[in-house]
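Asks: Let me give you the structure first, and then I'll get to my questions.
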Amino acid sequence: MNNPIKKITIVGGGSAGWLTAGILASEFKTQGDLAVVITLIESPDVPTVGVGEGTWPSMRQTLKKIGVSEADFLMQCDATFKQASKFDNWINGTNDSYFHPFTLPSGFFEANIAEFWQQHSSQVSFADATTAQSHLCKNGLAPKQISTPEYAFACNYGYHLDAGKFATFLQKHCCEKLGVKHVVDHVVKINSLDNGDIASVTSKLHGDIDGDLFIDCTGFKSLLLGEHYGVEFINQKHVLFNDSALAVHVPYPDENSPIASHTISTAQTSGWIWDIGLPSRRGVGHVYSSAHISDDEAEQQLRSYISPTLSQNTKLADIRKIAINPGFRRKFWHKNCVAIGMSSGFIEPLEASALALIELSAKMVAEQLPANRQVMDITAKRFNDKFSYRWQRIIEFLKLHYVLSSRQEAYWQDNRCESSIPEQLNELITLWKYQTPYSYDTHHTEELFPAASFQYILYGMGFKTEFALRHKREDKKQIANKFFNDNIALTHKLMNAMSSNRELLNKIKQYGLSKV
């Protein structure tokens, strides 16, 4: 029980496995007497699902920590900048739209200016009034300049990327720079100790591979936590109805076509369509509820969305069908096994939380790696508590997008049904009728969605807050007006300074980015 944790065995590759390996190997030395040995076992014929092509800004810190050059990452992973999510036709389906930017509202920590914006809501959207980022997105502009150092920014950003290329890029970096051992083989058996821990996994060609801690990155299969340990899967289809997706790669009309620096999410009759711009193509897909629309109808809606953007005689690639089982495991760390990525759960890709959860999971394992088996169960309990909260928070935040819509199709009406809305979300919506979301609505450090995100969705969707008729001693109206005016000035400055997304990427390809 007091044996030190020195061998970590990751089963499964892809973005989950290699991100986890990179984060762990950047925290611990992998060579020498006091090394932590990190081994990743990867099946030679399991394809990357490739749905989660959007990241959060946290990915910048992750890549920087593991020692990756941002310019190399952008070029080798067919990546570009993501500054926001844009929601089209979510409010009532009549050409409405709003943004959820990555940059916080102006002066967010000094004053909650949302209540002062509301009196001007008919003249300017919440995002436009409080951040320059929505203006940059609408004009196809980048969040930084060629002279801005790697990972620095003028406006906060994440990435859009090719998930398959990303996994290959991380694999090369982890093995060549960070000392991760890579075993390409099939796991055919899991071997247990007397106390129920995993002792080793048996591979087809390399025999038994042991470990002190095993990390399950086997995707939907959940080979270790799900199949071996039988940890219960908590289905969430009664809250989030979408259980199917159709995905396709869409070519640009020409090589100089603009690249959107935001994810476009367009509501449909029974789901929504994502549209992600990469340098070489767009990734487009339709997420929907099979209880409300047939696969053929969903495909027709997807083709109708794509066809106006295709050049004449352009042949579309095959459309892939992906089954989604929305939910998460009862526990994520059991015995000496942790599940990270889709093996721990999966929710539709709205707001692109999948890669962020992988980052946060691997970061917590790295920073709180148990000294020995004796204390592992204590760390596991803390891990399970934190990620149970995070999964529930994601579900509530995504459900908010549907609950606030006034679309009248059966799918949208069913989403507003009281029985499908989590109790805590219902309480918050009631509270927000009389006060704006703010820091008192969050309970943990490293919240997945800060209060600002709830403000962007609420007020982007046209939600109204009716403030109590009482005067406070401190009049913050002047402070709020200063922040509104500061945002106007910053917007003008950035609009004149920034190049287009594609133009910046072309410059980076030619000149690279400054390291300092």
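Residues are referred to by chain and number: the chain letter is A, B, ... according to the order shown in the structure tokens, the number counts from 1 in that chain, and ligands are numbered separately from 1 in the order shown.
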Write out as a PyMOL selection string the residues lying within 12 Å of Thr94 of chain A, counting only C-alpha atoms and excluding same-chain residues fewer than 2 positions away.
Replies: chain A and resi 88-92+96-97+266-268+405-408
Asks: Give me, as a list in words, the residues of segment 45-137 of chain A that a backbone DSSP run labels strand (DSSP E).
Replies: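 Strand (DSSP E) assignments inside segment 45-137 of chain A correspond to Thr80, Phe81, Lys82, Ala84, Ser85, Lys86, Phe87, Asp88, Ser97, Tyr98, Phe99, His100 and Pro101 of chain A.
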Asks: Could the residues in this selection be saved with C-alpha atoms as a short mmCIF file (atom, residue, chain, number, x, y, z; two decimals), in the first residue's frame?
Replies:
data_model
loop_
_atom_site.label_atom_id
_atom_site.label_comp_id
_atom_site.auth_asym_id
_atom_site.auth_seq_id
_atom_site.Cartn_x
_atom_site.Cartn_y
_atom_site.Cartn_z
CA THR A 80 -6.64 28.27 -36.79
CA PHE A 81 -7.88 30.71 -34.17
CA LYS A 82 -11.22 30.41 -32.39
CA ALA A 84 -16.13 32.72 -29.93
CA SER A 85 -19.20 30.69 -30.71
CA LYS A 86 -21.89 32.27 -32.86
CA PHE A 87 -25.47 31.05 -32.50
CA ASP A 88 -27.74 31.47 -35.51
CA SER A 97 -27.92 35.55 -34.02
CA TYR A 98 -25.66 36.31 -31.07
CA PHE A 99 -22.09 35.64 -29.90
CA HIS A 100 -20.52 33.92 -26.91
CA PRO A 101 -16.98 35.42 -26.98
#
Asks: Which residues come within 9 Å of Val201 of chain A, counting only C-alpha atoms, excluding same-chain residues fewer than 4 positions away, as number ranges by chain?
Replies: A: 11, 187-192, 207-211
Asks: Kindly export the residues of the current selection with all heavy atoms, as a tab-separated table (two decimals), in the first residue's frame.
Replies:
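Final file, again38.tsv:
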chain	number	residue	atom	x	y	z
A	11	VAL	N	-3.96	3.65	-21.50
A	11	VAL	CA	-4.49	2.73	-22.51
A	11	VAL	C	-5.38	3.53	-23.45
A	11	VAL	O	-6.44	4.03	-23.05
A	11	VAL	CB	-5.28	1.58	-21.87
A	11	VAL	CG1	-5.80	0.63	-22.94
A	11	VAL	CG2	-4.41	0.82	-20.87
A	187	VAL	N	-4.78	-4.44	-26.59
A	187	VAL	CA	-4.94	-4.96	-25.23
A	187	VAL	C	-5.99	-6.06	-25.27
A	187	VAL	O	-7.12	-5.84	-25.70
A	187	VAL	CB	-5.36	-3.84	-24.26
A	187	VAL	CG1	-5.75	-4.43	-22.90
A	187	VAL	CG2	-4.23	-2.83	-24.10
A	188	VAL	N	-5.61	-7.26	-24.85
A	188	VAL	CA	-6.50	-8.41	-24.95
A	188	VAL	C	-7.00	-8.90	-23.58
A	188	VAL	O	-7.93	-9.69	-23.50
A	188	VAL	CB	-5.81	-9.58	-25.70
A	188	VAL	CG1	-5.56	-9.18	-27.15
A	188	VAL	CG2	-4.52	-9.99	-25.02
A	189	LYS	N	-6.36	-8.42	-22.49
A	189	LYS	CA	-6.75	-8.92	-21.17
A	189	LYS	C	-6.33	-7.91	-20.11
A	189	LYS	O	-5.33	-7.21	-20.26
A	189	LYS	CB	-6.08	-10.27	-20.90
A	189	LYS	CG	-6.51	-10.94	-19.60
A	189	LYS	CD	-5.73	-12.24	-19.39
A	189	LYS	CE	-6.05	-12.90	-18.06
A	189	LYS	NZ	-5.18	-14.07	-17.79
A	190	ILE	N	-7.13	-7.84	-19.04
A	190	ILE	CA	-6.80	-6.98	-17.91
A	190	ILE	C	-6.58	-7.87	-16.69
A	190	ILE	O	-7.45	-8.70	-16.36
A	190	ILE	CB	-7.92	-5.96	-17.65
A	190	ILE	CG1	-8.09	-5.08	-18.90
A	190	ILE	CG2	-7.62	-5.10	-16.43
A	190	ILE	CD1	-9.35	-4.27	-18.91
A	191	ASN	N	-5.46	-7.73	-16.03
A	191	ASN	CA	-5.09	-8.61	-14.92
A	191	ASN	C	-5.19	-7.87	-13.59
A	191	ASN	O	-4.71	-6.74	-13.47
A	191	ASN	CB	-3.66	-9.13	-15.12
A	191	ASN	CG	-3.47	-9.73	-16.50
A	191	ASN	OD1	-4.16	-10.68	-16.87
A	191	ASN	ND2	-2.55	-9.17	-17.28
A	192	SER	N	-5.80	-8.51	-12.59
A	192	SER	CA	-6.08	-7.84	-11.32
A	192	SER	C	-5.21	-8.35	-10.18
A	192	SER	O	-4.78	-9.51	-10.17
A	192	SER	CB	-7.55	-8.05	-10.93
A	192	SER	OG	-8.41	-7.49	-11.90
A	207	GLY	N	3.05	-8.73	-24.61
A	207	GLY	CA	2.83	-9.39	-23.33
A	207	GLY	C	2.25	-8.46	-22.28
A	207	GLY	O	1.53	-7.50	-22.59
A	208	ASP	N	2.56	-8.73	-21.01
A	208	ASP	CA	2.01	-7.96	-19.89
A	208	ASP	C	2.74	-6.63	-19.73
A	208	ASP	O	3.97	-6.58	-19.75
A	208	ASP	CB	2.12	-8.76	-18.58
A	208	ASP	CG	1.19	-9.96	-18.57
A	208	ASP	OD1	0.34	-10.06	-19.47
A	208	ASP	OD2	1.33	-10.81	-17.65
A	209	ILE	N	1.95	-5.56	-19.55
A	209	ILE	CA	2.50	-4.22	-19.29
A	209	ILE	C	1.89	-3.76	-17.97
A	209	ILE	O	0.68	-3.59	-17.86
A	209	ILE	CB	2.16	-3.25	-20.43
A	209	ILE	CG1	2.76	-3.77	-21.75
A	209	ILE	CG2	2.67	-1.85	-20.11
A	209	ILE	CD1	2.31	-2.99	-22.97
A	210	ASP	N	2.74	-3.58	-16.97
A	210	ASP	CA	2.24	-3.27	-15.63
A	210	ASP	C	2.17	-1.76	-15.42
A	210	ASP	O	2.55	-0.95	-16.28
A	210	ASP	CB	3.08	-3.95	-14.55
A	210	ASP	CG	4.52	-3.46	-14.53
A	210	ASP	OD1	4.91	-2.70	-15.44
A	210	ASP	OD2	5.26	-3.84	-13.61
A	211	GLY	N	1.70	-1.37	-14.24
A	211	GLY	CA	1.61	0.04	-13.90
A	211	GLY	C	1.11	0.21	-12.47
A	211	GLY	O	0.50	-0.70	-11.89
Asks: Pull the helix (DSSP H, G or I) assignments for segment 135-209 of chain A out of DSSP run on the backbone, and list those residues as a count of residues only.
Replies: 19
Asks: What lies within 8 Å of Ala362 of chain A using only C-alpha atoms, ignoring chain neighbours under 4 positions off, as a PyMOL selection string?
Replies: chain A and resi 19-20+23-24+340+358+366
Asks: Find the residues around Glu297 of chain A up to 12 Å (only C-alpha atoms counted), leave out those fewer than 2 positions away in its own chain, and share them as a PyMOL selection string.
Replies: chain A and resi 246+268-271+286+288-290+292-295+299-304
Asks: Extract, using only C-alpha atoms, all DNA, RNA and protein residues at most 12 Å from Gln133 of chain A, discarding same-chain residues fewer than 6 positions from it, and format them as a PyMOL selection string.
Replies: chain A and resi 82-86+99-106+126-127+139-144+153-157+261-262+487-488+490-495+498
Asks: Here is a test: counting only C-alpha atoms, which residue of A:Phe233, A:Tyr305, A:Trp117, A:Trp412 is nearest to Asn325 of chain A?
Replies: A:Phe233
Asks: Residues at most 8 Å from Leu161 of chain A, counting only C-alpha atoms, excluding those fewer than 3 positions away in the same chain, as a PyMOL selection string?
Replies: chain A and resi 53-54+77-80+166+278
Asks: Emit the selected residues as a PDB file, in the first residue's frame, including C-alpha atoms.
Replies:
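Listing of result-v7.pdb after writing:
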ATOM      1  CA  GLU A  53     -12.292  20.100 -33.368  1.00  0.00           C
ATOM      2  CA  GLY A  54     -12.789  23.172 -31.185  1.00  0.00           C
ATOM      3  CA  CYS A  77      -2.472  20.441 -37.092  1.00  0.00           C
ATOM      4  CA  ASP A  78      -4.258  22.436 -39.813  1.00  0.00           C
ATOM      5  CA  ALA A  79      -5.298  24.740 -36.969  1.00  0.00           C
ATOM      6  CA  THR A  80      -6.641  28.266 -36.795  1.00  0.00           C
ATOM      7  CA  PHE A 166      -3.426  16.884 -33.515  1.00  0.00           C
ATOM      8  CA  LEU A 278      -9.800  25.171 -40.755  1.00  0.00           C
TER       9      LEU A 278
END
Asks: Could you please determine the separation between atom CA of Asp45 of chain A and atom CA of Ile198 of chain A in Å, to one decimal place?
Replies: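 Those two atoms sit 24.3 Å apart.
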